[in-house]
$ cat coords_24.txt   # compact mmCIF, C-alpha atoms
# COMPACT_ATOMS: atom_id res chain seq x y z
CA MET Y 1 99.63 -97.89 -83.69
CA ASN Y 2 98.38 -95.75 -86.58
CA ARG Y 3 97.66 -92.94 -84.20
CA ARG Y 4 101.20 -93.19 -82.83
CA LEU Y 5 102.59 -93.02 -86.35
CA ALA Y 6 100.44 -90.00 -87.09
CA ILE Y 7 101.76 -88.27 -83.95
CA GLN Y 8 105.33 -89.04 -84.95
CA VAL Y 9 104.76 -87.66 -88.44
CA PHE Y 10 103.17 -84.56 -86.96
CA MET Y 11 106.12 -84.10 -84.60
CA ALA Y 12 108.60 -84.51 -87.43
CA MET Y 13 106.70 -81.93 -89.47
CA SER Y 14 106.66 -79.62 -86.47
CA PHE Y 15 110.40 -79.99 -86.13
CA PHE Y 16 111.01 -78.99 -89.72
CA ALA Y 17 108.55 -76.15 -89.37
CA VAL Y 18 110.41 -74.85 -86.33
CA GLY Y 19 113.73 -75.05 -88.16
CA TYR Y 20 112.30 -73.19 -91.14
CA LEU Y 21 110.60 -70.49 -89.12
CA PHE Y 22 113.53 -69.94 -86.80
CA SER Y 23 115.93 -69.57 -89.67
CA GLY Y 24 113.61 -66.96 -91.10
CA SER Y 25 113.26 -65.08 -87.83
CA ALA Y 26 116.99 -65.19 -87.26
CA LYS Y 27 117.59 -63.50 -90.58
CA ALA Y 28 114.96 -60.89 -89.96
CA GLN Y 29 116.27 -60.01 -86.51
CA ASN Y 30 119.88 -59.87 -87.57
CA GLY Y 31 120.99 -56.27 -87.18
CA ALA Y 32 123.86 -56.75 -89.60
CA GLY Y 33 121.50 -58.18 -92.18
CA GLN Y 34 123.73 -61.14 -92.84
CA VAL Y 35 123.99 -64.76 -91.85
CA SER Y 36 127.51 -65.93 -92.29
CA VAL Y 37 129.30 -69.24 -92.29
CA ALA Y 38 132.70 -67.82 -91.46
CA GLY Y 39 135.13 -69.89 -89.39
CA PHE Y 40 135.78 -69.69 -85.69
CA GLY Y 41 139.54 -69.41 -85.97
CA LYS Y 42 142.42 -71.81 -85.70
CA PRO Y 43 142.63 -73.64 -82.38
CA ASN Y 44 145.44 -72.55 -80.12
CA ALA Y 45 146.51 -76.04 -79.11
CA LYS Y 46 149.89 -77.56 -78.32
CA SER Y 47 150.78 -80.62 -76.26
CA LEU Y 48 153.40 -80.31 -73.55
CA PRO Y 49 156.58 -82.41 -73.83
CA PRO Y 50 157.02 -85.11 -71.14
CA GLY Y 51 159.32 -82.70 -69.31
CA GLY Y 52 161.66 -85.26 -67.73
CA PRO Y 53 161.08 -87.60 -64.81
CA ALA Y 54 158.44 -86.89 -62.20
CA PRO Y 55 159.73 -85.28 -59.02
CA ARG Y 56 159.68 -87.45 -55.90
CA THR Y 57 158.85 -86.75 -52.31
CA ALA Y 58 161.34 -87.31 -49.46
CA ASP Y 59 159.83 -90.73 -48.83
CA GLY Y 60 160.26 -91.76 -52.46
CA HIS Y 61 156.74 -91.49 -53.87
CA PRO Y 62 156.07 -89.59 -57.09
CA ASP Y 63 155.05 -86.11 -56.04
CA LEU Y 64 151.55 -85.65 -57.44
CA SER Y 65 151.51 -81.98 -56.43
CA GLY Y 66 150.72 -79.38 -59.05
CA VAL Y 67 147.97 -77.50 -60.85
CA TRP Y 68 146.60 -79.97 -63.40
CA PHE Y 69 144.59 -79.17 -66.52
CA PRO Y 70 142.51 -81.76 -68.40
CA GLY Y 71 144.22 -82.80 -71.63
CA LYS Y 72 147.79 -82.33 -72.79
CA MET Y 73 148.12 -78.54 -73.10
CA GLY Y 74 148.81 -77.57 -69.49
CA ARG Y 75 146.33 -74.74 -69.98
CA GLU Y 76 142.83 -73.97 -71.10
CA ASP Y 77 141.80 -72.35 -74.36
CA LEU Y 78 138.25 -72.18 -75.71
CA THR Y 79 139.46 -72.35 -79.29
CA ALA Y 80 140.93 -75.79 -78.59
CA GLU Y 81 137.87 -77.46 -77.04
CA ALA Y 82 137.59 -79.99 -79.88
CA SER Y 83 141.32 -80.42 -80.50
CA PRO Y 84 143.07 -83.75 -79.88
CA GLU Y 85 145.50 -81.91 -77.59
CA ARG Y 86 142.60 -81.03 -75.30
CA GLN Y 87 141.25 -84.57 -75.14
CA GLN Y 88 142.06 -86.72 -72.11
CA PHE Y 89 142.13 -89.98 -74.04
CA ASP Y 90 141.73 -91.15 -77.60
CA PRO Y 91 138.51 -93.21 -77.81
CA LYS Y 92 139.83 -94.93 -80.94
CA VAL Y 93 142.86 -96.21 -79.02
CA THR Y 94 141.33 -96.75 -75.56
CA PRO Y 95 137.56 -96.75 -75.98
CA GLU Y 96 135.41 -96.51 -72.88
CA GLU Y 97 132.58 -98.95 -72.41
CA LYS Y 98 129.08 -97.57 -71.87
CA PRO Y 99 127.88 -97.82 -68.26
CA PRO Y 100 126.82 -101.48 -67.78
CA TYR Y 101 123.42 -100.60 -66.35
CA GLN Y 102 121.03 -103.15 -64.93
CA PRO Y 103 117.88 -103.20 -67.10
CA TRP Y 104 115.82 -101.06 -64.69
CA ALA Y 105 118.60 -98.47 -64.50
CA ALA Y 106 119.03 -98.40 -68.29
CA ASP Y 107 115.29 -97.84 -68.57
CA LYS Y 108 115.37 -95.00 -66.03
CA VAL Y 109 118.18 -93.22 -67.89
CA LYS Y 110 116.47 -93.78 -71.24
CA LYS Y 111 113.24 -92.27 -69.96
CA LEU Y 112 114.92 -89.08 -68.84
CA SER Y 113 113.74 -86.39 -71.25
CA THR Y 114 116.34 -84.29 -73.04
CA LEU Y 115 115.40 -81.22 -71.05
CA ASP Y 116 115.24 -82.98 -67.68
CA ALA Y 117 118.64 -84.47 -68.35
CA GLU Y 118 119.94 -80.94 -68.91
CA ILE Y 119 118.20 -79.43 -65.90
CA LEU Y 120 119.52 -82.17 -63.61
CA ARG Y 121 123.10 -81.85 -64.80
CA PRO Y 122 125.42 -80.60 -62.06
CA SER Y 123 126.94 -78.12 -64.50
CA VAL Y 124 123.54 -76.50 -64.98
CA ASN Y 125 122.21 -76.60 -61.42
CA CYS Y 126 125.54 -75.68 -59.80
CA MET Y 127 125.72 -78.85 -57.71
CA PRO Y 128 129.12 -80.34 -56.80
CA ARG Y 129 130.53 -82.90 -59.25
CA GLY Y 130 131.64 -85.15 -56.37
CA VAL Y 131 133.77 -88.29 -56.79
CA PRO Y 132 134.79 -89.27 -59.38
CA GLY Y 133 133.14 -86.32 -61.18
CA MET Y 134 135.85 -83.93 -60.02
CA PHE Y 135 138.15 -85.93 -62.30
CA ILE Y 136 135.91 -87.26 -65.08
CA THR Y 137 133.29 -84.52 -65.62
CA ASN Y 138 135.41 -81.52 -64.73
CA PRO Y 139 136.70 -79.27 -67.52
CA TYR Y 140 138.54 -76.97 -65.10
CA PRO Y 141 141.94 -77.35 -63.45
CA THR Y 142 142.44 -79.10 -60.14
CA GLU Y 143 145.34 -78.67 -57.74
CA LEU Y 144 146.87 -81.60 -55.89
CA VAL Y 145 148.99 -81.10 -52.80
CA LEU Y 146 150.72 -84.25 -51.57
CA THR Y 147 151.97 -84.11 -47.99
CA LYS Y 148 153.55 -86.87 -45.91
CA THR Y 149 150.17 -88.01 -44.69
CA GLU Y 150 147.49 -86.67 -47.07
CA LEU Y 151 146.52 -85.92 -50.60
CA ILE Y 152 144.72 -82.58 -50.70
CA GLN Y 153 142.68 -81.90 -53.83
CA LEU Y 154 141.57 -78.34 -54.51
CA ASN Y 155 139.04 -77.94 -57.29
CA GLU Y 156 138.67 -74.61 -59.00
CA LEU Y 157 135.15 -75.62 -59.98
CA ASN Y 158 132.83 -74.61 -57.16
CA ASN Y 159 135.83 -73.94 -54.93
CA ASN Y 160 135.56 -77.35 -53.32
CA PHE Y 161 138.16 -79.70 -51.91
CA ARG Y 162 138.77 -83.13 -50.46
CA ILE Y 163 141.44 -84.40 -48.11
CA ILE Y 164 142.42 -88.05 -48.31
CA PRO Y 165 144.67 -89.81 -45.79
CA THR Y 166 147.37 -91.78 -47.61
CA ASP Y 167 148.46 -94.09 -44.79
CA GLY Y 168 146.37 -97.04 -45.92
CA ARG Y 169 143.82 -96.82 -43.10
CA ALA Y 170 140.43 -98.51 -43.41
CA HIS Y 171 137.12 -96.74 -43.90
CA THR Y 172 135.25 -95.62 -40.81
CA LYS Y 173 132.17 -97.58 -39.80
CA ASP Y 174 129.03 -96.39 -41.61
CA PRO Y 175 130.23 -92.97 -42.80
CA ASP Y 176 127.62 -90.33 -43.62
CA PRO Y 177 127.02 -89.68 -47.33
CA ALA Y 178 128.96 -86.73 -48.75
CA PHE Y 179 129.38 -85.38 -52.28
CA ASN Y 180 133.03 -86.35 -52.18
CA GLY Y 181 132.34 -89.48 -50.14
CA GLU Y 182 134.82 -90.90 -47.68
CA GLY Y 183 138.16 -91.50 -49.37
CA VAL Y 184 141.13 -93.41 -48.01
CA ALA Y 185 144.32 -94.05 -49.96
CA HIS Y 186 147.39 -96.24 -50.15
CA TRP Y 187 150.33 -96.61 -52.51
CA GLU Y 188 150.72 -99.49 -54.95
CA GLY Y 189 154.23 -98.89 -56.29
CA ASP Y 190 154.18 -95.45 -57.90
CA THR Y 191 150.37 -95.31 -58.08
CA LEU Y 192 148.21 -93.74 -55.40
CA VAL Y 193 145.00 -95.74 -55.03
CA ILE Y 194 142.03 -93.89 -53.52
CA ASP Y 195 139.09 -95.95 -52.29
CA THR Y 196 135.85 -94.02 -51.83
CA ILE Y 197 132.44 -94.98 -50.44
CA ALA Y 198 129.43 -93.10 -48.99
CA ILE Y 199 128.96 -90.85 -52.03
CA ASP Y 200 125.88 -88.62 -52.02
CA GLU Y 201 123.33 -90.02 -54.46
CA ARG Y 202 122.79 -86.66 -56.14
CA THR Y 203 126.03 -86.88 -58.12
CA TRP Y 204 126.26 -88.23 -61.65
CA ASN Y 205 129.17 -90.11 -63.19
CA ASN Y 206 128.71 -88.61 -66.64
CA PHE Y 207 126.79 -85.73 -68.24
CA VAL Y 208 123.84 -87.83 -69.38
CA GLY Y 209 122.17 -89.29 -66.35
CA TRP Y 210 124.51 -91.94 -64.90
CA PHE Y 211 123.07 -91.94 -61.40
CA HIS Y 212 124.29 -94.22 -58.63
CA SER Y 213 123.17 -95.90 -55.43
CA ASP Y 214 124.32 -95.69 -51.82
CA GLN Y 215 126.35 -98.82 -52.51
CA GLU Y 216 128.62 -97.17 -55.06
CA HIS Y 217 132.30 -97.92 -54.53
CA VAL Y 218 134.89 -95.90 -56.43
CA VAL Y 219 138.55 -96.81 -56.84
CA GLU Y 220 140.78 -94.16 -58.40
CA ARG Y 221 144.37 -94.68 -59.51
CA ILE Y 222 146.61 -91.67 -59.92
CA SER Y 223 150.19 -91.65 -61.16
CA ARG Y 224 152.65 -89.13 -62.56
CA PRO Y 225 154.51 -90.79 -65.44
CA SER Y 226 156.62 -87.68 -66.11
CA MET Y 227 157.10 -84.12 -64.91
CA ASN Y 228 154.32 -82.67 -67.08
CA TYR Y 229 151.74 -85.45 -66.99
CA LEU Y 230 149.30 -87.01 -64.56
CA THR Y 231 147.39 -90.20 -65.36
CA TYR Y 232 144.00 -90.95 -63.84
CA GLN Y 233 141.90 -94.08 -64.07
CA VAL Y 234 138.76 -94.97 -62.15
CA THR Y 235 136.76 -98.13 -61.51
CA ILE Y 236 133.15 -97.79 -60.41
CA GLU Y 237 131.27 -100.62 -58.72
CA ASP Y 238 127.59 -100.27 -57.94
CA PRO Y 239 125.81 -103.58 -57.29
CA LYS Y 240 122.40 -101.89 -57.16
CA VAL Y 241 122.74 -100.10 -60.52
CA LEU Y 242 125.43 -101.80 -62.63
CA THR Y 243 125.78 -105.41 -63.77
CA LYS Y 244 129.58 -105.30 -63.38
CA PRO Y 245 132.34 -102.82 -62.50
CA TRP Y 246 133.13 -100.09 -65.05
CA THR Y 247 136.67 -98.91 -65.64
CA SER Y 248 137.50 -95.67 -67.43
CA ALA Y 249 140.23 -95.14 -69.97
CA ARG Y 250 143.48 -93.78 -68.58
CA ARG Y 251 142.83 -90.06 -68.68
CA THR Y 252 145.52 -87.47 -69.08
CA TRP Y 253 146.00 -84.26 -67.12
CA SER Y 254 148.89 -81.89 -67.71
CA LEU Y 255 150.86 -79.50 -65.57
CA GLY Y 256 149.84 -75.87 -65.58
CA HIS Y 257 151.79 -72.89 -64.35
CA GLU Y 258 149.05 -70.62 -63.13
CA ALA Y 259 147.12 -70.29 -59.90
CA LEU Y 260 143.58 -71.57 -59.51
CA GLN Y 261 140.98 -68.83 -59.55
CA GLU Y 262 137.73 -68.36 -57.72
CA TYR Y 263 134.81 -70.12 -59.34
CA TYR Y 264 131.51 -70.11 -57.50
CA CYS Y 265 128.72 -71.28 -59.76
CA THR Y 266 125.85 -68.88 -59.07
CA ASN Y 267 122.85 -67.44 -60.83
CA ASN Y 268 122.95 -69.76 -63.81
CA ARG Y 269 120.24 -68.52 -66.16
CA GLU Y 270 120.35 -71.78 -68.11
CA GLU Y 271 118.36 -73.63 -65.46
CA GLU Y 272 115.56 -71.08 -65.66
CA ALA Y 273 115.61 -71.06 -69.47
CA LEU Y 274 115.58 -74.84 -69.71
CA LYS Y 275 112.72 -75.12 -67.21
CA ALA Y 276 110.70 -72.58 -69.22
CA LEU Y 277 111.35 -74.61 -72.36
CA ARG Y 278 110.31 -77.77 -70.50
CA ASP Y 279 107.10 -76.14 -69.23
CA LEU Y 280 106.21 -75.26 -72.80
CA THR Y 281 106.96 -78.65 -74.22
CA GLU Y 282 106.13 -81.08 -71.41
CA GLY Y 283 103.72 -79.11 -69.24
CA PRO Y 284 104.56 -77.41 -65.91
CA LYS Y 285 106.15 -79.62 -63.24
CA LYS Y 286 105.69 -79.19 -59.53
CA MET M 1 108.56 -60.22 -89.03
CA LYS M 2 105.96 -59.18 -86.47
CA ALA M 3 103.25 -60.73 -88.56
CA MET M 4 105.21 -63.93 -88.84
CA LEU M 5 105.78 -64.12 -85.08
CA LYS M 6 102.09 -63.47 -84.43
CA GLY M 7 101.29 -66.30 -86.78
CA ILE M 8 103.66 -68.68 -85.05
CA LEU M 9 102.71 -67.83 -81.48
CA PRO M 10 99.53 -69.90 -81.07
CA PHE M 11 101.37 -72.95 -82.38
CA ALA M 12 104.56 -72.44 -80.39
CA PRO M 13 103.87 -75.14 -77.77
CA LEU M 14 103.11 -77.71 -80.46
CA LEU M 15 106.11 -76.73 -82.51
CA LEU M 16 108.37 -76.90 -79.48
CA LEU M 17 106.92 -80.30 -78.65
CA GLY M 18 107.97 -81.48 -82.07
CA LEU M 19 111.38 -79.99 -81.53
CA ALA M 20 111.91 -81.62 -78.14
CA ALA M 21 110.74 -85.00 -79.39
CA ASN M 22 113.09 -85.01 -82.32
CA VAL M 23 116.30 -83.50 -81.03
CA ARG M 24 118.50 -86.19 -79.56
CA PRO M 25 121.19 -84.71 -77.39
CA VAL M 26 124.78 -84.45 -78.54
CA PHE M 27 125.86 -83.05 -75.23
CA ALA M 28 128.43 -80.34 -75.15
CA HIS M 29 128.89 -77.94 -72.27
CA HIS M 30 126.03 -76.86 -70.08
CA GLY M 31 122.94 -77.62 -72.03
CA PHE M 32 123.90 -75.66 -75.11
CA GLN M 33 122.45 -78.25 -77.42
CA ALA M 34 119.06 -78.16 -75.72
CA GLU M 35 118.85 -74.42 -75.39
CA TYR M 36 120.61 -73.22 -78.55
CA ASP M 37 120.64 -74.23 -82.19
CA GLY M 38 124.18 -75.00 -83.29
CA SER M 39 123.12 -75.46 -86.91
CA LYS M 40 122.72 -71.69 -87.37
CA VAL M 41 125.04 -68.77 -86.89
CA LEU M 42 124.14 -65.10 -86.46
CA TYR M 43 126.09 -61.90 -86.67
CA ILE M 44 124.46 -59.16 -84.62
CA THR M 45 125.81 -55.63 -84.82
CA GLY M 46 124.68 -53.14 -82.22
CA THR M 47 125.58 -51.26 -79.06
CA LEU M 48 126.99 -53.15 -76.10
CA THR M 49 124.86 -51.91 -73.21
CA LYS M 50 125.95 -54.02 -70.21
CA PHE M 51 127.64 -57.23 -69.18
CA GLU M 52 127.87 -59.62 -66.22
CA TRP M 53 131.26 -61.18 -65.54
CA GLU M 54 130.11 -64.12 -63.39
CA ASN M 55 130.56 -67.88 -63.27
CA PRO M 56 129.38 -70.16 -64.66
CA HIS M 57 128.73 -67.86 -67.65
CA ALA M 58 129.42 -64.34 -68.75
CA TYR M 59 126.35 -62.55 -70.11
CA PHE M 60 126.15 -59.38 -72.15
CA TRP M 61 123.46 -57.31 -73.81
CA VAL M 62 123.48 -55.69 -77.24
CA GLU M 63 120.88 -53.32 -78.66
CA ALA M 64 120.54 -53.80 -82.40
CA LYS M 65 118.07 -52.59 -85.01
CA ASP M 66 115.98 -55.13 -86.86
CA ASP M 67 115.14 -54.76 -90.55
CA SER M 68 112.26 -52.40 -89.77
CA GLY M 69 114.55 -50.12 -87.76
CA LYS M 70 113.14 -51.10 -84.40
CA VAL M 71 115.74 -51.45 -81.61
CA ILE M 72 115.81 -54.95 -80.18
CA THR M 73 117.77 -56.07 -77.13
CA TRP M 74 119.77 -59.26 -77.53
CA VAL M 75 121.16 -61.19 -74.59
CA PHE M 76 124.22 -63.30 -75.19
CA GLU M 77 125.73 -66.03 -73.11
CA GLY M 78 129.46 -66.70 -73.17
CA ALA M 79 131.63 -69.31 -71.50
CA SER M 80 132.77 -68.91 -67.88
CA PRO M 81 134.83 -65.76 -67.32
CA ILE M 82 137.72 -67.95 -66.13
CA ALA M 83 137.79 -69.84 -69.42
CA VAL M 84 137.32 -66.64 -71.43
CA LYS M 85 140.19 -64.99 -69.60
CA ARG M 86 142.47 -67.99 -70.14
CA THR M 87 141.71 -67.71 -73.85
CA GLY M 88 142.93 -64.13 -73.83
CA THR M 89 139.78 -62.02 -73.54
CA VAL M 90 139.69 -59.96 -70.37
CA ARG M 91 137.02 -58.05 -68.46
CA ALA M 92 138.51 -54.77 -69.66
CA ASP M 93 137.57 -55.76 -73.23
CA PHE M 94 133.96 -55.44 -72.05
CA THR M 95 134.28 -52.42 -69.76
CA ALA M 96 136.08 -50.46 -72.49
CA ASN M 97 133.34 -51.20 -75.02
CA VAL M 98 130.10 -50.49 -73.16
CA GLY M 99 128.23 -47.92 -75.25
CA LYS M 100 130.21 -48.78 -78.37
CA SER M 101 129.29 -50.70 -81.50
CA VAL M 102 130.23 -54.38 -81.55
CA THR M 103 129.44 -57.37 -83.75
CA VAL M 104 128.63 -60.63 -82.01
CA ARG M 105 128.93 -64.03 -83.63
CA ALA M 106 126.55 -66.45 -81.94
CA ILE M 107 124.18 -69.35 -82.41
CA PRO M 108 120.50 -68.56 -81.76
CA GLY M 109 118.27 -69.82 -78.97
CA ARG M 110 115.78 -72.54 -79.86
CA ASP M 111 112.88 -70.63 -78.33
CA GLY M 112 112.95 -67.96 -81.01
CA THR M 113 113.68 -65.12 -78.59
CA THR M 114 116.49 -62.64 -79.13
CA LYS M 115 119.19 -64.55 -77.35
CA GLY M 116 122.28 -66.41 -78.41
CA ALA M 117 125.29 -68.41 -77.28
CA ALA M 118 128.22 -66.24 -78.33
CA GLU M 119 131.49 -67.38 -79.85
CA THR M 120 133.25 -64.08 -80.56
CA ILE M 121 132.78 -60.32 -80.38
CA LYS M 122 134.29 -57.91 -82.85
CA LEU M 123 135.10 -54.87 -80.75
CA ALA M 124 135.03 -51.22 -81.74
CA ASP M 125 138.83 -51.25 -82.20
CA GLY M 126 138.50 -54.02 -84.80
CA ARG M 127 139.77 -56.93 -82.67
CA GLU M 128 137.62 -60.04 -82.75
CA VAL M 129 137.89 -61.69 -79.33
CA VAL M 130 136.74 -65.12 -78.20
CA VAL M 131 133.97 -65.23 -75.56
CA GLY M 132 132.75 -68.82 -75.91
CA GLY M 133 133.63 -72.20 -77.34
CA LYS M 134 132.81 -73.13 -80.91
CA ARG M 135 129.06 -73.65 -80.99
CA PHE M 136 128.22 -73.47 -84.70
CA SER M 137 128.37 -76.96 -86.12
CA GLY M 138 127.60 -76.12 -89.72
CA GLU M 139 131.07 -75.47 -91.03
CA GLY M 140 133.10 -78.60 -90.39
CA LYS M 141 136.17 -77.93 -88.35
CA GLY M 142 136.13 -74.18 -88.88
CA GLY M 143 139.28 -72.17 -89.16
CA GLY M 144 140.50 -69.22 -91.15
CA GLU M 145 138.62 -66.29 -89.68
CA ASN M 146 141.24 -65.09 -87.24

$ encode --input "coords_24.txt" --output "structure tokens"
Amino acid sequence: MNRRLAIQVFMAMSFFAVGYLFSGSAKAQNGAGQVSVAGFGKPNAKSLPPGGPAPRTADGHPDLSGVWFPGKMGREDLTAEASPERQQFDPKVTPEEKPPYQPWAADKVKKLSTLDAEILRPSVNCMPRGVPGMFITNPYPTELVLTKTELIQLNELNNNFRIIPTDGRAHTKDPDPAFNGEGVAHWEGDTLVIDTIAIDERTWNNFVGWFHSDQEHVVERISRPSMNYLTYQVTIEDPKVLTKPWTSARRTWSLGHEALQEYYCTNNREEEALKALRDLTEGPKK
Amino acid sequence: MKAMLKGILPFAPLLLLGLAANVRPVFAHHGFQAEYDGSKVLYITGTLTKFEWENPHAYFWVEAKDDSGKVITWVFEGASPIAVKRTGTVRADFTANVGKSVTVRAIPGRDGTTKGAAETIKLADGREVVVGGKRFSGEGKGGGEN
């Protein structure tokens, strides 16, 4: 016990030493000879108005088609990353529960080191976000195209897509695992309900290690309450990992007026840098 | 500076161990919190030598003199070019400034090397353009510079 305490004290001292030394080296290497605390600039953030009623398709459903940006701005702006207008829900109004992990799963996530958690993140290793990641861990726009028989989702991130039949059909028997799983959809009033199974186990449901099993079952509900807004809510069941189903807050997306662009995630230097940092701190891994 | 780095080097693994054990993640985009230190901000003035306009991150290199006059190469990471472009900074802002003097505002890497996660670049024509999200956490909500 005493030895453990001594190690913790040593680590804490090391941490402060690193902070002190790095601040010194930063000053010394600064070509301008200054370390400033100037501001970043005012965020360029403005919420869209509701924009009138949602358009409807010939068969009477709300037309979910459009290029949708996360948040309320209908666009992306780096200066607004922390602005309320960019947020998809207000956690003070509709807080989201933590994943209700079974004890073994909670332990597995807890044991993930900071650096391993980073290295395994799909955003760092360029893996697909999958379902429901394409809606709940995706900071980039997504385009929905609703036809008479399908919902087509085009993700700018990694240029991937999914096509979901909307005729209420059942799942196929024993579908192969896929990053986007097998999705089938039906309408409940003005809400499109997508039911997805067979999701590849390499996807995460958040940025900090929420893994899942082959038994994961995802139910997404999408509606368009007005012209400029899309509402998304997801329920995740996973009897092997969770103690009960988890339901997200209702998350807001807003209508953009620009085309998706090409985004292939390649050559991310972060993975290499993080692995080097891990090798130094945790020892090389095979 | 050199002497200080030499002094640190043998202890680097231990120091980094301490760092990794004590930093609990407040996850932002793409591992920034693990790789970079948002509690510090740097301004580096030097010559923009090259850039890569690729997803998921733009990278660019700046040669700057340290206090002893030695030229040091800094590598900076920005946000994805798509996000940078949507914020109003375009590829031409880089192509037009290769070989010119710029000032980069960034947070430093945790490994002590000459790298940083960039927020803005002040270009040779005096414009300060955004190349990454707000990474420096030491100034509250920011504001006022632009």

$ atom_distance --input "coords_24.txt" --atom1 "atom CA of Pro132 of chain Y" --atom2 "atom CA of Val219 of chain Y"
8.8 Å

$ atom_distance --input "coords_24.txt" --atom1 "atom CA of Met227 of chain Y" --atom2 "atom CA of Gln153 of chain Y"
18.3 Å

$ atom_distance --input "coords_24.txt" --atom1 "atom CA of Glu182 of chain Y" --atom2 "atom CA of Asp195 of chain Y"
8.1 Å

$ closest_atom_pairs --input "coords_24.txt" --of "segment 21-93 of chain M" --to "segment 97-107 of chain M" --cutoff "7 Å" --atoms "only C-alpha atoms" --output "tab-separated table"
residue	atom	partner	partner_atom	distance
M:Tyr36	CA	M:Ile107	CA	6.5
M:Asp37	CA	M:Ile107	CA	6.0
M:Gly38	CA	M:Ile107	CA	5.7
M:Lys40	CA	M:Ile107	CA	5.7
M:Val41	CA	M:Ile107	CA	4.6
M:Leu42	CA	M:Ala106	CA	5.3
M:Tyr43	CA	M:Arg105	CA	4.7
M:Ile44	CA	M:Val104	CA	5.1
M:Thr45	CA	M:Thr103	CA	4.2
M:Gly46	CA	M:Ser101	CA	5.3
M:Thr47	CA	M:Ser101	CA	4.5
M:Leu48	CA	M:Val98	CA	5.0
M:Thr49	CA	M:Val98	CA	5.4
M:Lys50	CA	M:Val98	CA	6.2
M:Asp93	CA	M:Asn97	CA	6.5

$ write_last_selection --input "coords_24.txt" --atoms "C-alpha atoms" --output "short mmCIF file (atom, residue, chain, number, x, y, z; two decimals), keeping the file's coordinate frame"
data_model
loop_
_atom_site.label_atom_id
_atom_site.label_comp_id
_atom_site.auth_asym_id
_atom_site.auth_seq_id
_atom_site.Cartn_x
_atom_site.Cartn_y
_atom_site.Cartn_z
CA TYR M 36 120.61 -73.22 -78.55
CA ASP M 37 120.64 -74.23 -82.19
CA GLY M 38 124.18 -75.00 -83.29
CA LYS M 40 122.72 -71.69 -87.37
CA VAL M 41 125.04 -68.77 -86.89
CA LEU M 42 124.14 -65.10 -86.46
CA TYR M 43 126.09 -61.90 -86.67
CA ILE M 44 124.46 -59.16 -84.62
CA THR M 45 125.81 -55.63 -84.82
CA GLY M 46 124.68 -53.14 -82.22
CA THR M 47 125.58 -51.26 -79.06
CA LEU M 48 126.99 -53.15 -76.10
CA THR M 49 124.86 -51.91 -73.21
CA LYS M 50 125.95 -54.02 -70.21
CA ASP M 93 137.57 -55.76 -73.23
#

$ closest_residue --input "coords_24.txt" --among "M:Gly116, M:Phe60, M:Val90, M:Asp111" --to "chain Y" --atoms "all atoms listed in the file"
M:Asp111

$ closest_residue --input "coords_24.txt" --among "M:Glu77, M:Glu52, M:Glu128, M:Asp66" --to "chain Y" --atoms "only C-alpha atoms"
M:Asp66

$ residues_around --input "coords_24.txt" --residues "Ala82 of chain Y" --least-positions-apart "4" --cutoff "10 Å" --atoms "only C-alpha atoms" --output "JSON list (two decimals) with C-alpha atoms, in the frame of the given file"
[["chain", "number", "residue", "atom", "x", "y", "z"],
["Y", 43, "PRO", "CA", 142.63, -73.64, -82.38],
["Y", 45, "ALA", "CA", 146.51, -76.04, -79.11],
["Y", 78, "LEU", "CA", 138.25, -72.18, -75.71],
["Y", 86, "ARG", "CA", 142.60, -81.03, -75.30],
["Y", 87, "GLN", "CA", 141.25, -84.57, -75.14],
["M", 133, "GLY", "CA", 133.63, -72.20, -77.34],
["M", 134, "LYS", "CA", 132.81, -73.13, -80.91],
["M", 141, "LYS", "CA", 136.17, -77.93, -88.35]]

$ axis_aligned_box --input "coords_24.txt" --around "segment 88-91 of chain Y" --padding-each-side "8 Å" --output "lines of an AutoDock Vina configuration file"
center_x = 140.3
center_y = -90.0
center_z = -75.0
size_x = 19.6
size_y = 22.5
size_z = 21.7

$ closest_residue --input "coords_24.txt" --among "M:Gly126, M:Gly88, M:Gly138, M:Gly109" --to "Phe76 of chain M" --atoms "all atoms listed in the file"
M:Gly109

$ residues_around --input "coords_24.txt" --residues "Arg75 of chain Y" --least-positions-apart "5" --cutoff "9 Å" --atoms "all atoms listed in the file" --output "VMD selection string"
(chain Y and resid 68 to 70 141 254 to 258) or (chain M and resid 86)

$ residues_near_point --input "coords_24.txt" --point "(135.6, -60.0, -65.8)" --cutoff "12 Å" --atoms "only C-alpha atoms" --output "PyMOL selection string"
(chain Y and resi 262) or (chain M and resi 51-60+78-86+88-96+131)

$ closest_residue --input "coords_24.txt" --among "Y:Leu115, Y:Phe179, Y:Ser248, Y:Thr149" --to "Glu97 of chain Y" --atoms "only C-alpha atoms"
Y:Ser248

$ residues_around --input "coords_24.txt" --residues "Tyr101 of chain Y" --least-positions-apart "5" --cutoff "12 Å" --atoms "all atoms listed in the file" --output "list of chain:residue names"
Y:Ala106, Y:Asp107, Y:Lys108, Y:Val109, Y:Lys110, Y:Gly209, Y:Trp210, Y:Phe211, Y:His212, Y:Ser213, Y:Ile236, Y:Glu237, Y:Asp238, Y:Pro239, Y:Lys240, Y:Val241, Y:Leu242, Y:Thr243, Y:Lys244, Y:Pro245, Y:Trp246
